[in-house]
>>> print(open('protein-v7.cif').read())   # mmCIF, C-alpha atoms
data_data
#
loop_
_atom_site.label_atom_id
_atom_site.label_comp_id
_atom_site.auth_asym_id
_atom_site.auth_seq_id
_atom_site.Cartn_x
_atom_site.Cartn_y
_atom_site.Cartn_z
CA MET A 1 -99.08 -114.24 2.79
CA ASN A 2 -98.41 -110.59 3.42
CA VAL A 3 -95.44 -110.24 1.06
CA PRO A 4 -95.17 -110.32 -2.75
CA ILE A 5 -94.45 -113.77 -4.15
CA SER A 6 -92.92 -114.99 -7.39
CA PHE A 7 -92.29 -118.39 -8.97
CA GLU A 8 -89.45 -119.92 -10.96
CA PHE A 9 -89.96 -122.47 -13.74
CA PHE A 10 -87.56 -124.21 -16.10
CA PRO A 11 -88.29 -124.66 -19.82
CA PRO A 12 -89.81 -128.11 -20.45
CA LYS A 13 -88.02 -130.46 -22.84
CA THR A 14 -91.06 -132.35 -24.19
CA PRO A 15 -94.61 -131.53 -25.34
CA GLU A 16 -95.88 -133.51 -22.32
CA GLY A 17 -93.71 -131.43 -20.02
CA ALA A 18 -95.00 -128.23 -21.62
CA ALA A 19 -98.63 -129.32 -21.12
CA LYS A 20 -97.94 -130.24 -17.48
CA LEU A 21 -96.22 -126.89 -16.86
CA ARG A 22 -99.27 -125.02 -18.22
CA LEU A 23 -101.43 -126.76 -15.61
CA THR A 24 -98.86 -125.99 -12.89
CA ARG A 25 -98.83 -122.32 -13.84
CA GLN A 26 -102.61 -122.07 -13.83
CA ALA A 27 -102.72 -123.56 -10.32
CA LEU A 28 -100.08 -121.12 -9.05
CA TYR A 29 -101.56 -118.03 -10.75
CA ALA A 30 -104.35 -118.28 -8.16
CA PHE A 31 -101.85 -116.78 -5.69
CA GLN A 32 -101.36 -113.66 -7.86
CA PRO A 33 -97.57 -113.73 -8.28
CA GLU A 34 -95.73 -110.49 -8.88
CA PHE A 35 -93.91 -112.29 -11.73
CA CYS A 36 -92.81 -115.73 -12.91
CA SER A 37 -89.22 -116.36 -13.97
CA VAL A 38 -87.91 -118.91 -16.47
CA THR A 39 -84.41 -120.37 -16.25
CA PHE A 40 -81.73 -120.41 -18.92
CA GLY A 41 -79.47 -123.44 -19.45
CA ALA A 42 -75.69 -123.47 -19.17
CA GLY A 43 -74.17 -121.42 -21.98
CA GLY A 44 -77.66 -120.39 -23.09
CA SER A 45 -78.42 -123.99 -24.08
CA THR A 46 -82.17 -123.67 -23.54
CA GLN A 47 -82.63 -120.21 -25.02
CA ALA A 48 -85.42 -121.13 -27.46
CA GLY A 49 -87.30 -123.02 -24.75
CA THR A 50 -86.77 -120.19 -22.27
CA PHE A 51 -88.05 -117.50 -24.63
CA GLY A 52 -90.99 -119.69 -25.68
CA THR A 53 -92.06 -120.30 -22.06
CA VAL A 54 -91.65 -116.59 -21.25
CA GLN A 55 -93.92 -115.76 -24.20
CA GLU A 56 -96.57 -118.21 -22.98
CA ILE A 57 -96.56 -116.62 -19.51
CA LEU A 58 -96.92 -113.14 -21.02
CA ASP A 59 -99.77 -114.42 -23.21
CA GLU A 60 -101.45 -115.73 -20.04
CA GLY A 61 -101.48 -112.18 -18.69
CA VAL A 62 -98.74 -112.58 -16.09
CA ALA A 63 -95.46 -110.64 -15.85
CA ALA A 64 -92.52 -112.82 -16.90
CA ALA A 65 -88.85 -112.49 -15.96
CA CYS A 66 -86.35 -114.06 -18.30
CA HIS A 67 -83.17 -115.54 -16.89
CA PHE A 68 -80.25 -114.29 -18.90
CA SER A 69 -76.77 -115.80 -18.58
CA CYS A 70 -73.66 -114.44 -20.24
CA VAL A 71 -71.08 -117.24 -20.07
CA GLY A 72 -69.52 -117.61 -23.51
CA ALA A 73 -71.78 -114.92 -24.99
CA THR A 74 -70.75 -112.14 -27.35
CA LYS A 75 -71.96 -108.58 -26.99
CA ALA A 76 -73.57 -108.80 -30.43
CA ALA A 77 -75.55 -111.90 -29.46
CA VAL A 78 -76.67 -110.37 -26.15
CA ARG A 79 -77.70 -107.18 -27.96
CA ASP A 80 -79.89 -109.24 -30.33
CA GLN A 81 -81.45 -111.21 -27.46
CA LEU A 82 -82.23 -108.02 -25.52
CA ALA A 83 -83.96 -106.61 -28.60
CA THR A 84 -86.02 -109.81 -28.94
CA LEU A 85 -87.07 -109.68 -25.28
CA GLN A 86 -87.99 -106.01 -25.51
CA ALA A 87 -90.11 -106.73 -28.60
CA MET A 88 -91.85 -109.55 -26.68
CA GLY A 89 -92.76 -107.12 -23.91
CA VAL A 90 -90.47 -108.52 -21.21
CA LYS A 91 -89.80 -105.94 -18.49
CA ARG A 92 -87.73 -107.96 -16.01
CA LEU A 93 -84.49 -109.91 -16.38
CA VAL A 94 -82.59 -112.16 -13.99
CA ALA A 95 -79.00 -111.40 -15.02
CA LEU A 96 -76.52 -114.19 -14.22
CA ARG A 97 -73.03 -115.21 -15.17
CA GLY A 98 -74.45 -118.69 -15.60
CA ASP A 99 -73.03 -122.14 -14.97
CA LEU A 100 -70.11 -123.21 -17.08
CA PRO A 101 -70.99 -126.14 -19.36
CA SER A 102 -68.74 -129.12 -18.59
CA GLY A 103 -65.32 -128.87 -20.21
CA TYR A 104 -65.90 -125.20 -20.97
CA GLY A 105 -63.35 -122.40 -20.42
CA LEU A 106 -64.50 -118.92 -19.39
CA GLY A 107 -64.50 -117.52 -22.94
CA GLY A 108 -66.93 -114.95 -24.28
CA GLU A 109 -66.96 -111.20 -23.77
CA PHE A 110 -68.43 -111.20 -20.26
CA GLN A 111 -66.49 -112.52 -17.29
CA TYR A 112 -68.87 -111.64 -14.47
CA ALA A 113 -72.58 -111.00 -13.98
CA SER A 114 -71.69 -107.38 -13.14
CA ASP A 115 -70.31 -107.02 -16.70
CA LEU A 116 -73.65 -108.22 -18.07
CA VAL A 117 -75.65 -105.88 -15.83
CA ALA A 118 -73.53 -102.89 -16.91
CA PHE A 119 -73.94 -103.86 -20.59
CA ILE A 120 -77.74 -104.21 -20.30
CA ARG A 121 -77.95 -100.79 -18.66
CA ALA A 122 -75.70 -99.20 -21.30
CA GLU A 123 -77.70 -100.75 -24.16
CA THR A 124 -81.27 -100.44 -22.87
CA GLY A 125 -81.26 -97.78 -20.14
CA ASP A 126 -84.09 -98.45 -17.71
CA ALA A 127 -86.08 -100.67 -20.07
CA PHE A 128 -85.62 -103.68 -17.75
CA HIS A 129 -85.92 -104.27 -14.01
CA ILE A 130 -82.72 -106.26 -13.42
CA GLU A 131 -82.60 -108.99 -10.78
CA VAL A 132 -79.28 -110.56 -9.81
CA ALA A 133 -78.36 -113.62 -7.74
CA ALA A 134 -77.35 -113.47 -4.09
CA TYR A 135 -75.62 -116.19 -2.06
CA PRO A 136 -76.32 -115.98 1.69
CA GLU A 137 -74.05 -119.01 2.24
CA ILE A 138 -71.37 -117.79 -0.20
CA HIS A 139 -71.04 -118.72 -3.88
CA PRO A 140 -69.30 -122.11 -4.14
CA GLN A 141 -66.64 -120.61 -6.45
CA ALA A 142 -65.99 -117.44 -4.41
CA LYS A 143 -62.41 -116.95 -3.21
CA SER A 144 -63.67 -115.84 0.21
CA ALA A 145 -66.78 -114.62 2.01
CA ASP A 146 -65.63 -111.02 1.60
CA ALA A 147 -64.92 -111.49 -2.12
CA ASP A 148 -68.45 -112.80 -2.55
CA LEU A 149 -69.96 -109.74 -0.81
CA GLN A 150 -67.83 -107.45 -2.99
CA ALA A 151 -68.99 -109.28 -6.13
CA PHE A 152 -72.61 -108.72 -5.09
CA ALA A 153 -71.95 -105.03 -4.41
CA ALA A 154 -70.37 -104.75 -7.89
CA LYS A 155 -73.58 -106.07 -9.48
CA VAL A 156 -75.66 -103.49 -7.61
CA LYS A 157 -73.24 -100.71 -8.55
CA ALA A 158 -73.50 -101.81 -12.19
CA GLY A 159 -77.26 -101.20 -12.09
CA ALA A 160 -79.13 -104.12 -10.52
CA ASN A 161 -82.53 -103.21 -9.06
CA SER A 162 -82.98 -106.15 -6.72
CA ALA A 163 -81.74 -109.67 -5.99
CA ILE A 164 -83.04 -113.20 -5.46
CA THR A 165 -81.07 -115.52 -3.21
CA GLN A 166 -79.94 -119.06 -3.71
CA TYR A 167 -82.19 -121.22 -1.55
CA PHE A 168 -81.22 -121.72 2.08
CA PHE A 169 -82.57 -123.32 5.25
CA ASN A 170 -80.85 -121.10 7.81
CA SER A 171 -82.52 -117.71 8.13
CA ASP A 172 -79.52 -116.32 10.06
CA ALA A 173 -77.38 -116.69 6.92
CA TYR A 174 -79.90 -114.59 4.98
CA PHE A 175 -80.17 -111.84 7.59
CA ARG A 176 -76.38 -111.67 7.99
CA PHE A 177 -75.92 -111.40 4.22
CA VAL A 178 -78.45 -108.54 3.96
CA ASP A 179 -76.78 -106.67 6.83
CA ASP A 180 -73.33 -107.12 5.28
CA VAL A 181 -74.23 -105.95 1.77
CA TYR A 182 -76.23 -103.00 3.08
CA ARG A 183 -73.10 -101.90 4.95
CA LEU A 184 -71.30 -101.97 1.59
CA GLY A 185 -73.94 -99.63 0.16
CA ALA A 186 -75.69 -102.37 -1.83
CA ASP A 187 -79.11 -101.51 -0.42
CA VAL A 188 -81.41 -103.09 -2.98
CA PRO A 189 -84.24 -105.46 -1.96
CA VAL A 190 -82.88 -109.00 -1.46
CA VAL A 191 -85.70 -111.52 -1.90
CA PRO A 192 -85.17 -114.94 -0.30
CA GLY A 193 -85.37 -117.92 -2.64
CA ILE A 194 -87.25 -120.92 -1.22
CA MET A 195 -86.92 -124.54 -2.39
CA PRO A 196 -89.79 -126.73 -1.17
CA ILE A 197 -88.59 -130.12 0.11
CA THR A 198 -90.34 -132.90 -1.80
CA SER A 199 -87.51 -135.42 -2.40
CA SER A 200 -84.47 -135.99 -0.20
CA THR A 201 -82.24 -137.42 -2.97
CA GLN A 202 -82.99 -134.50 -5.29
CA LEU A 203 -82.43 -131.95 -2.53
CA LEU A 204 -79.11 -133.49 -1.43
CA ARG A 205 -77.86 -133.61 -5.03
CA PHE A 206 -78.84 -129.99 -5.78
CA SER A 207 -77.47 -128.68 -2.52
CA ASP A 208 -74.08 -130.33 -2.92
CA ALA A 209 -73.82 -128.83 -6.41
CA CYS A 210 -74.83 -125.25 -5.54
CA GLY A 211 -73.30 -124.86 -2.08
CA ALA A 212 -76.60 -124.59 -0.16
CA GLU A 213 -76.10 -125.89 3.39
CA ILE A 214 -78.60 -128.47 4.60
CA PRO A 215 -78.55 -128.31 8.42
CA ARG A 216 -77.50 -131.60 9.98
CA TRP A 217 -80.84 -132.07 11.75
CA ILE A 218 -82.73 -131.74 8.44
CA ARG A 219 -80.31 -134.06 6.61
CA LEU A 220 -80.58 -136.75 9.32
CA ARG A 221 -84.37 -136.50 9.48
CA LEU A 222 -84.60 -136.91 5.69
CA GLN A 223 -82.22 -139.89 5.76
CA GLY A 224 -84.26 -141.40 8.58
CA TYR A 225 -87.41 -141.38 6.46
CA GLY A 226 -85.71 -143.51 3.78
CA ASP A 227 -88.16 -144.08 0.92
CA ASP A 228 -91.20 -142.87 2.90
CA THR A 229 -92.14 -140.07 0.48
CA ALA A 230 -95.29 -139.10 2.42
CA SER A 231 -93.24 -138.44 5.57
CA ILE A 232 -90.56 -136.57 3.60
CA LYS A 233 -93.19 -134.30 2.05
CA SER A 234 -94.99 -133.71 5.35
CA PHE A 235 -91.71 -132.90 7.14
CA GLY A 236 -90.63 -130.68 4.23
CA LEU A 237 -93.86 -128.68 4.36
CA ASP A 238 -93.48 -128.09 8.11
CA VAL A 239 -89.84 -126.98 7.80
CA MET A 240 -90.36 -124.67 4.83
CA THR A 241 -93.58 -123.13 6.17
CA ASP A 242 -91.74 -122.33 9.40
CA LEU A 243 -88.83 -120.77 7.50
CA CYS A 244 -91.16 -118.65 5.36
CA ASP A 245 -93.06 -117.59 8.47
CA GLN A 246 -89.81 -116.39 10.08
CA LEU A 247 -88.90 -114.46 6.94
CA CYS A 248 -92.33 -112.87 6.50
CA THR A 249 -92.46 -111.88 10.19
CA ALA A 250 -89.08 -110.16 9.75
CA GLY A 251 -90.48 -108.13 6.84
CA VAL A 252 -88.62 -109.53 3.82
CA PRO A 253 -89.38 -107.74 0.52
CA GLY A 254 -90.85 -110.87 -1.09
CA ILE A 255 -90.46 -114.64 -1.42
CA HIS A 256 -89.38 -116.40 -4.61
CA PHE A 257 -90.31 -120.09 -4.90
CA TYR A 258 -88.17 -122.54 -6.87
CA THR A 259 -91.13 -124.66 -7.96
CA MET A 260 -89.30 -127.34 -10.00
CA ASN A 261 -92.35 -127.07 -12.30
CA GLN A 262 -94.58 -128.54 -9.56
CA ALA A 263 -97.51 -126.73 -7.93
CA GLY A 264 -98.33 -128.94 -4.94
CA ALA A 265 -95.74 -128.14 -2.26
CA THR A 266 -95.48 -124.44 -3.12
CA SER A 267 -99.28 -124.06 -3.05
CA GLU A 268 -99.54 -125.78 0.33
CA ILE A 269 -96.82 -123.60 1.90
CA ILE A 270 -98.56 -120.45 0.70
CA ARG A 271 -101.95 -121.69 1.92
CA ARG A 272 -100.51 -122.43 5.37
CA LEU A 273 -99.06 -118.92 5.56
CA LYS A 274 -102.29 -117.16 4.69
CA PRO A 275 -103.74 -115.25 7.64
CA ALA A 276 -106.66 -117.11 9.23
#
>>> encode(input="protein-v7.cif", output="structure tokens")
Amino acid sequence: MNVPISFEFFPPKTPEGAAKLRLTRQALYAFQPEFCSVTFGAGGSTQAGTFGTVQEILDEGVAAACHFSCVGATKAAVRDQLATLQAMGVKRLVALRGDLPSGYGLGGEFQYASDLVAFIRAETGDAFHIEVAAYPEIHPQAKSADADLQAFAAKVKAGANSAITQYFFNSDAYFRFVDDVYRLGADVPVVPGIMPITSSTQLLRFSDACGAEIPRWIRLRLQGYGDDTASIKSFGLDVMTDLCDQLCTAGVPGIHFYTMNQAGATSEIIRRLKPA
């Protein structure tokens, strides 16, 4: 691949999961990622696991980006967490509003991700490279497409350095989004997020929840394969390699893989994209 790559992991819940993730990371480090990010649960529910996994990645000699969500958080708590991350040697954050835990009101001292970005900048200056989220197919809770673009521009104005998109399967949506936010003056690098297809049920469930559009032809192909996991994986590799190839040919600033703590599909996509 001729563009920088990065990988996302989630904090494992069991010792077995942690051991498996270490093996996954070692397999993916062979591709020399620019950084690896670690997710943060709703309302900060996995903070200890997130920070622990980030520390392991740093100890393995790889740059780590910590997801950082602000739903329900106080400024005092965020200030303490930023100090902890700085002491750990973290240089990159993925600043998010975060998903609302079920039955949870907005609460807290931060309403939007842009509030969090502004607070991090005010507290820590340029200590962190701040990534924010981008939604080429519009955030599921946005009032309108224009409101979503304005929300993204607000995050950039607050001090974001770059963005990672929600995963998508339609490259036109990505290119249109980049054109639109650049016209608003939000001209930071927008790195496409890629979700390898390894399970149709998992993909359909995730996509319905996060507003990512699965094109009808992909959905029908996946349904047609039924429980034939080998065919689903083979089809998924072809589709995602083709999408990444389109993006790389167009000169995107990087590609961020949502690995789901698995190395296989991501590794194969990258291998297929390597110049012969």
>>> resolve_selection(input="protein-v7.cif", expression="the PyMOL selection byres ((chain A and resi 187) around 12)", output="ChimeraX atom specification")
/A:152-157,159-163,177-186,188-190
>>> resolve_selection(input="protein-v7.cif", expression="the PyMOL selection byres ((chain A and resi 260) around 10)", output="VMD selection string")
chain A and resid 7 to 10 21 195 to 196 198 257 to 259 261 to 263 266
>>> write_last_selection(input="protein-v7.cif", atoms="C-alpha atoms", output="short mmCIF file (atom, residue, chain, number, x, y, z; two decimals), keeping the file's coordinate frame")
data_model
loop_
_atom_site.label_atom_id
_atom_site.label_comp_id
_atom_site.auth_asym_id
_atom_site.auth_seq_id
_atom_site.Cartn_x
_atom_site.Cartn_y
_atom_site.Cartn_z
CA PHE A 7 -92.29 -118.39 -8.97
CA GLU A 8 -89.45 -119.92 -10.96
CA PHE A 9 -89.96 -122.47 -13.74
CA PHE A 10 -87.56 -124.21 -16.10
CA LEU A 21 -96.22 -126.89 -16.86
CA MET A 195 -86.92 -124.54 -2.39
CA PRO A 196 -89.79 -126.73 -1.17
CA THR A 198 -90.34 -132.90 -1.80
CA PHE A 257 -90.31 -120.09 -4.90
CA TYR A 258 -88.17 -122.54 -6.87
CA THR A 259 -91.13 -124.66 -7.96
CA ASN A 261 -92.35 -127.07 -12.30
CA GLN A 262 -94.58 -128.54 -9.56
CA ALA A 263 -97.51 -126.73 -7.93
CA THR A 266 -95.48 -124.44 -3.12
#
>>> residues_around(input="protein-v7.cif", residues="Leu116 (chain A)", least_positions_apart="3", cutoff="8 Å", atoms="all atoms listed in the file", output="ChimeraX atom specification")
/A:70,95-97,110,112-113,119-120
>>> write_last_selection(input="protein-v7.cif", atoms="C-alpha atoms", output="mmCIF file, in the coordinates of the input")
data_model
loop_
_atom_site.group_PDB
_atom_site.id
_atom_site.type_symbol
_atom_site.label_atom_id
_atom_site.label_comp_id
_atom_site.auth_asym_id
_atom_site.auth_seq_id
_atom_site.Cartn_x
_atom_site.Cartn_y
_atom_site.Cartn_z
ATOM 1 C CA CYS A 70 -73.660 -114.440 -20.240
ATOM 2 C CA ALA A 95 -79.000 -111.400 -15.020
ATOM 3 C CA LEU A 96 -76.520 -114.190 -14.220
ATOM 4 C CA ARG A 97 -73.030 -115.210 -15.170
ATOM 5 C CA PHE A 110 -68.430 -111.200 -20.260
ATOM 6 C CA TYR A 112 -68.870 -111.640 -14.470
ATOM 7 C CA ALA A 113 -72.580 -111.000 -13.980
ATOM 8 C CA PHE A 119 -73.940 -103.860 -20.590
ATOM 9 C CA ILE A 120 -77.740 -104.210 -20.300
#
>>> closest_residue(input="protein-v7.cif", among="A:Leu149, A:Leu220, A:Ala265, A:Leu273", to="Ala27 (chain A)", atoms="all atoms listed in the file")
A:Ala265
>>> atom_distance(input="protein-v7.cif", atom1="CA of Pro15 (chain A)", atom2="CA of Val71 (chain A)")
28.0 Å
>>> resolve_selection(input="protein-v7.cif", expression="the PyMOL selection byres ((chain A and resi 109) around 7)", output="list in words")
Gly72, Ala73, Thr74, Lys75, Gly107, Gly108, Phe110 and Gln111 of chain A
>>> atom_distance(input="protein-v7.cif", atom1="CA of Arg205 (chain A)", atom2="CA of Gln223 (chain A)")
13.2 Å
>>> residues_near_point(input="protein-v7.cif", point="(-78.3, -115.6, 8.1)", cutoff="12 Å", atoms="all atoms listed in the file", output="count of residues only")
24
>>> atom_distance(input="protein-v7.cif", atom1="CA of His139 (chain A)", atom2="CA of Gly211 (chain A)")
6.8 Å
>>> closest_residue(input="protein-v7.cif", among="A:Gln81, A:Ala142, A:Thr249, A:Leu237", to="Gly264 (chain A)", atoms="only C-alpha atoms")
A:Leu237
>>> closest_residue(input="protein-v7.cif", among="A:Phe128, A:Trp217, A:Phe235, A:Tyr225", to="Ala64 (chain A)", atoms="only C-alpha atoms")
A:Phe128
>>> residues_near_point(input="protein-v7.cif", point="(-91.3, -113.9, -4.6)", cutoff="6 Å", atoms="only C-alpha atoms", output="ChimeraX atom specification")
/A:4-6,254-256
>>> axis_aligned_box(input="protein-v7.cif", around="region 210-220 of chain A", padding_each_side="5 Å", output="lines of an AutoDock Vina configuration file")
center_x = -78.0
center_y = -130.7
center_z = 3.1
size_x = 19.4
size_y = 22.2
size_z = 27.3
>>> decode(input="protein-v7.cif", residues="region 71-93 of chain A", atoms="N, CA and C atoms", output="PDB file, in the first residue's frame")
ATOM      1  N   VAL A  71     -19.285  12.037  26.829  1.00  0.00           N
ATOM      2  CA  VAL A  71     -20.663  11.981  27.300  1.00  0.00           C
ATOM      3  C   VAL A  71     -20.686  11.762  28.811  1.00  0.00           C
ATOM      4  N   GLY A  72     -21.383  12.633  29.520  1.00  0.00           N
ATOM      5  CA  GLY A  72     -21.516  12.466  30.968  1.00  0.00           C
ATOM      6  C   GLY A  72     -20.283  12.815  31.767  1.00  0.00           C
ATOM      7  N   ALA A  73     -19.219  13.282  31.094  1.00  0.00           N
ATOM      8  CA  ALA A  73     -17.962  13.552  31.802  1.00  0.00           C
ATOM      9  C   ALA A  73     -17.943  14.955  32.407  1.00  0.00           C
ATOM     10  N   THR A  74     -17.178  15.110  33.469  1.00  0.00           N
ATOM     11  CA  THR A  74     -16.940  16.439  34.038  1.00  0.00           C
ATOM     12  C   THR A  74     -15.588  16.945  33.543  1.00  0.00           C
ATOM     13  N   LYS A  75     -15.428  18.253  33.576  1.00  0.00           N
ATOM     14  CA  LYS A  75     -14.152  18.830  33.162  1.00  0.00           C
ATOM     15  C   LYS A  75     -13.021  18.357  34.073  1.00  0.00           C
ATOM     16  N   ALA A  76     -13.307  18.211  35.349  1.00  0.00           N
ATOM     17  CA  ALA A  76     -12.277  17.762  36.297  1.00  0.00           C
ATOM     18  C   ALA A  76     -11.810  16.346  35.954  1.00  0.00           C
ATOM     19  N   ALA A  77     -12.772  15.473  35.632  1.00  0.00           N
ATOM     20  CA  ALA A  77     -12.414  14.092  35.301  1.00  0.00           C
ATOM     21  C   ALA A  77     -11.609  14.040  34.003  1.00  0.00           C
ATOM     22  N   VAL A  78     -12.028  14.820  33.006  1.00  0.00           N
ATOM     23  CA  VAL A  78     -11.303  14.836  31.734  1.00  0.00           C
ATOM     24  C   VAL A  78      -9.896  15.385  31.936  1.00  0.00           C
ATOM     25  N   ARG A  79      -9.775  16.408  32.764  1.00  0.00           N
ATOM     26  CA  ARG A  79      -8.454  16.992  33.046  1.00  0.00           C
ATOM     27  C   ARG A  79      -7.530  15.932  33.646  1.00  0.00           C
ATOM     28  N   ASP A  80      -8.053  15.138  34.587  1.00  0.00           N
ATOM     29  CA  ASP A  80      -7.253  14.070  35.210  1.00  0.00           C
ATOM     30  C   ASP A  80      -6.852  13.015  34.183  1.00  0.00           C
ATOM     31  N   GLN A  81      -7.796  12.633  33.319  1.00  0.00           N
ATOM     32  CA  GLN A  81      -7.506  11.603  32.316  1.00  0.00           C
ATOM     33  C   GLN A  81      -6.463  12.086  31.308  1.00  0.00           C
ATOM     34  N   LEU A  82      -6.564  13.363  30.927  1.00  0.00           N
ATOM     35  CA  LEU A  82      -5.564  13.917  29.997  1.00  0.00           C
ATOM     36  C   LEU A  82      -4.170  13.893  30.622  1.00  0.00           C
ATOM     37  N   ALA A  83      -4.108  14.204  31.909  1.00  0.00           N
ATOM     38  CA  ALA A  83      -2.811  14.184  32.608  1.00  0.00           C
ATOM     39  C   ALA A  83      -2.251  12.763  32.641  1.00  0.00           C
ATOM     40  N   THR A  84      -3.124  11.783  32.887  1.00  0.00           N
ATOM     41  CA  THR A  84      -2.690  10.375  32.898  1.00  0.00           C
ATOM     42  C   THR A  84      -2.133   9.971  31.537  1.00  0.00           C
ATOM     43  N   LEU A  85      -2.863  10.333  30.472  1.00  0.00           N
ATOM     44  CA  LEU A  85      -2.429   9.959  29.119  1.00  0.00           C
ATOM     45  C   LEU A  85      -1.120  10.645  28.745  1.00  0.00           C
ATOM     46  N   GLN A  86      -0.982  11.908  29.136  1.00  0.00           N
ATOM     47  CA  GLN A  86       0.284  12.601  28.862  1.00  0.00           C
ATOM     48  C   GLN A  86       1.441  11.910  29.583  1.00  0.00           C
ATOM     49  N   ALA A  87       1.208  11.515  30.840  1.00  0.00           N
ATOM     50  CA  ALA A  87       2.259  10.844  31.617  1.00  0.00           C
ATOM     51  C   ALA A  87       2.621   9.496  30.996  1.00  0.00           C
ATOM     52  N   MET A  88       1.642   8.833  30.356  1.00  0.00           N
ATOM     53  CA  MET A  88       1.888   7.546  29.698  1.00  0.00           C
ATOM     54  C   MET A  88       2.700   7.724  28.416  1.00  0.00           C
ATOM     55  N   GLY A  89       2.684   8.931  27.864  1.00  0.00           N
ATOM     56  CA  GLY A  89       3.394   9.161  26.607  1.00  0.00           C
ATOM     57  C   GLY A  89       2.505   9.116  25.382  1.00  0.00           C
ATOM     58  N   VAL A  90       1.182   9.179  25.596  1.00  0.00           N
ATOM     59  CA  VAL A  90       0.249   9.196  24.460  1.00  0.00           C
ATOM     60  C   VAL A  90       0.335  10.554  23.766  1.00  0.00           C
ATOM     61  N   LYS A  91       0.399  10.520  22.443  1.00  0.00           N
ATOM     62  CA  LYS A  91       0.526  11.764  21.665  1.00  0.00           C
ATOM     63  C   LYS A  91      -0.667  12.013  20.744  1.00  0.00           C
ATOM     64  N   ARG A  92      -1.593  11.038  20.695  1.00  0.00           N
ATOM     65  CA  ARG A  92      -2.711  11.157  19.748  1.00  0.00           C
ATOM     66  C   ARG A  92      -3.997  10.726  20.442  1.00  0.00           C
ATOM     67  N   LEU A  93      -5.045  11.515  20.261  1.00  0.00           N
ATOM     68  CA  LEU A  93      -6.363  11.196  20.821  1.00  0.00           C
ATOM     69  C   LEU A  93      -7.383  11.143  19.691  1.00  0.00           C
TER      70      LEU A  93
END
